[in-house]
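Q: Let me give you the structure first, and then I'll get to my questions.
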Amino acid sequence: MPSPLSVDLRERVVAAVAAGASCHRAAARFGVSVSSASRWSQRSHHEGHVAPKPMGGDHTSKRIEAHAALILATSKPEPRLFLRE
């Protein structure tokens, strides 16, 4: 997975859009995609920053951990029981 583009570039694109340039024109000027220019502008407007969101990490264990007590309680009387059962 590629690394996120710099915050400096994101801020320059957002500044160009805020100064009146279209997302298409700002994207062409700075060599980024139109969708990125649009998303960064919206994010700057709604959240006040353009820093990239965290990448990677574990996205599934929270769903399992939410049911940890039930899973452990179920597995004690029947230790050979599989999770899918």
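Each chain in the structure tokens gets a letter, A, B, ..., in the order shown, and its residues are numbered from 1; ligands are numbered from 1 in order too.
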Report as a Markdown table the residues of range 34-72 of chain A within 8 Å of range 17-29 of chain A, each with its shortest atom pair and distance in Å (one decimal), using only C-alpha atoms, ordered by chain and increasing residue number.
A:
```
| residue | atom | partner | partner_atom | distance |
| --- | --- | --- | --- | --- |
| A:Val34 | CA | A:Ala27 | CA | 5.3 |
| A:Ser36 | CA | A:Ala27 | CA | 7.9 |
| A:Ala37 | CA | A:Cys23 | CA | 5.6 |
| A:Ser38 | CA | A:Cys23 | CA | 5.9 |
| A:Ser41 | CA | A:Val17 | CA | 7.1 |
```
Q: Include N, CA, C and O atoms and write out the residues we just selected as a PDB file, in the first residue's frame.
A:
```
ATOM      1  N   VAL A  34      -8.553  14.100  -9.047  1.00  0.00           N
ATOM      2  CA  VAL A  34      -9.662  15.016  -8.775  1.00  0.00           C
ATOM      3  C   VAL A  34     -10.404  14.572  -7.511  1.00  0.00           C
ATOM      4  O   VAL A  34     -10.789  15.403  -6.688  1.00  0.00           O
ATOM      5  N   SER A  36      -9.186  13.048  -4.938  1.00  0.00           N
ATOM      6  CA  SER A  36      -8.400  13.417  -3.758  1.00  0.00           C
ATOM      7  C   SER A  36      -8.573  14.894  -3.435  1.00  0.00           C
ATOM      8  O   SER A  36      -8.766  15.265  -2.271  1.00  0.00           O
ATOM      9  N   ALA A  37      -8.502  15.740  -4.443  1.00  0.00           N
ATOM     10  CA  ALA A  37      -8.680  17.178  -4.221  1.00  0.00           C
ATOM     11  C   ALA A  37     -10.056  17.459  -3.623  1.00  0.00           C
ATOM     12  O   ALA A  37     -10.184  18.263  -2.693  1.00  0.00           O
ATOM     13  N   SER A  38     -11.062  16.763  -4.121  1.00  0.00           N
ATOM     14  CA  SER A  38     -12.426  16.949  -3.610  1.00  0.00           C
ATOM     15  C   SER A  38     -12.548  16.468  -2.165  1.00  0.00           C
ATOM     16  O   SER A  38     -13.090  17.170  -1.305  1.00  0.00           O
ATOM     17  N   SER A  41     -10.677  18.786   0.248  1.00  0.00           N
ATOM     18  CA  SER A  41     -11.398  20.048   0.447  1.00  0.00           C
ATOM     19  C   SER A  41     -12.584  19.853   1.378  1.00  0.00           C
ATOM     20  O   SER A  41     -12.820  20.667   2.279  1.00  0.00           O
TER      21      SER A  41
END
```
Q: Assign secondary structure with DSSP using the backbone only, and return the residues of range 10-54 of chain A in alpha helix (DSSP H) as a ChimeraX atom specification.
A: /A:10-18,23-30,34-47
Q: Generate the output file for the selected residues, C-alpha atoms, as a compact mmCIF listing (two decimals), in the first residue's frame.
A:
```
# COMPACT_ATOMS: atom_id res chain seq x y z
CA ARG A 10 -2.80 18.51 0.73
CA GLU A 11 -2.89 21.99 2.26
CA ARG A 12 -1.71 23.60 -1.00
CA VAL A 13 -4.43 21.80 -2.96
CA VAL A 14 -7.09 22.84 -0.42
CA ALA A 15 -5.81 26.43 -0.47
CA ALA A 16 -6.07 26.52 -4.27
CA VAL A 17 -9.66 25.25 -4.13
CA ALA A 18 -10.51 27.73 -1.38
CA CYS A 23 -11.08 20.63 -7.96
CA HIS A 24 -10.21 19.64 -11.53
CA ARG A 25 -7.89 22.60 -12.02
CA ALA A 26 -6.24 22.23 -8.58
CA ALA A 27 -5.74 18.50 -9.15
CA ALA A 28 -4.12 19.09 -12.53
CA ARG A 29 -1.90 21.86 -11.13
CA PHE A 30 -0.55 19.74 -8.27
CA VAL A 34 -9.66 15.02 -8.77
CA SER A 35 -11.28 12.78 -6.17
CA SER A 36 -8.40 13.42 -3.76
CA ALA A 37 -8.68 17.18 -4.22
CA SER A 38 -12.43 16.95 -3.61
CA ARG A 39 -12.10 14.72 -0.52
CA TRP A 40 -9.36 16.88 0.99
CA SER A 41 -11.40 20.05 0.45
CA GLN A 42 -14.47 18.49 2.05
CA ARG A 43 -12.44 17.15 4.95
CA SER A 44 -10.82 20.53 5.52
CA HIS A 45 -14.23 22.17 5.52
CA HIS A 46 -15.86 19.64 7.88
CA GLU A 47 -12.98 18.63 10.18
```
Q: Figure out the distance between CA of Thr60 in chain A and CA of Lys76 in chain A, please, to one decimal in Å.
A: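 So the answer is 23.4 Å.
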Q: For Leu5 in chain A, work out the shell of residues within 10 Å, counting only C-alpha atoms and skipping chain neighbours fewer than 5 positions away, then give it as a list of chain:residue names.
A: A:Arg10, A:Val32, A:Ala51, A:Pro52
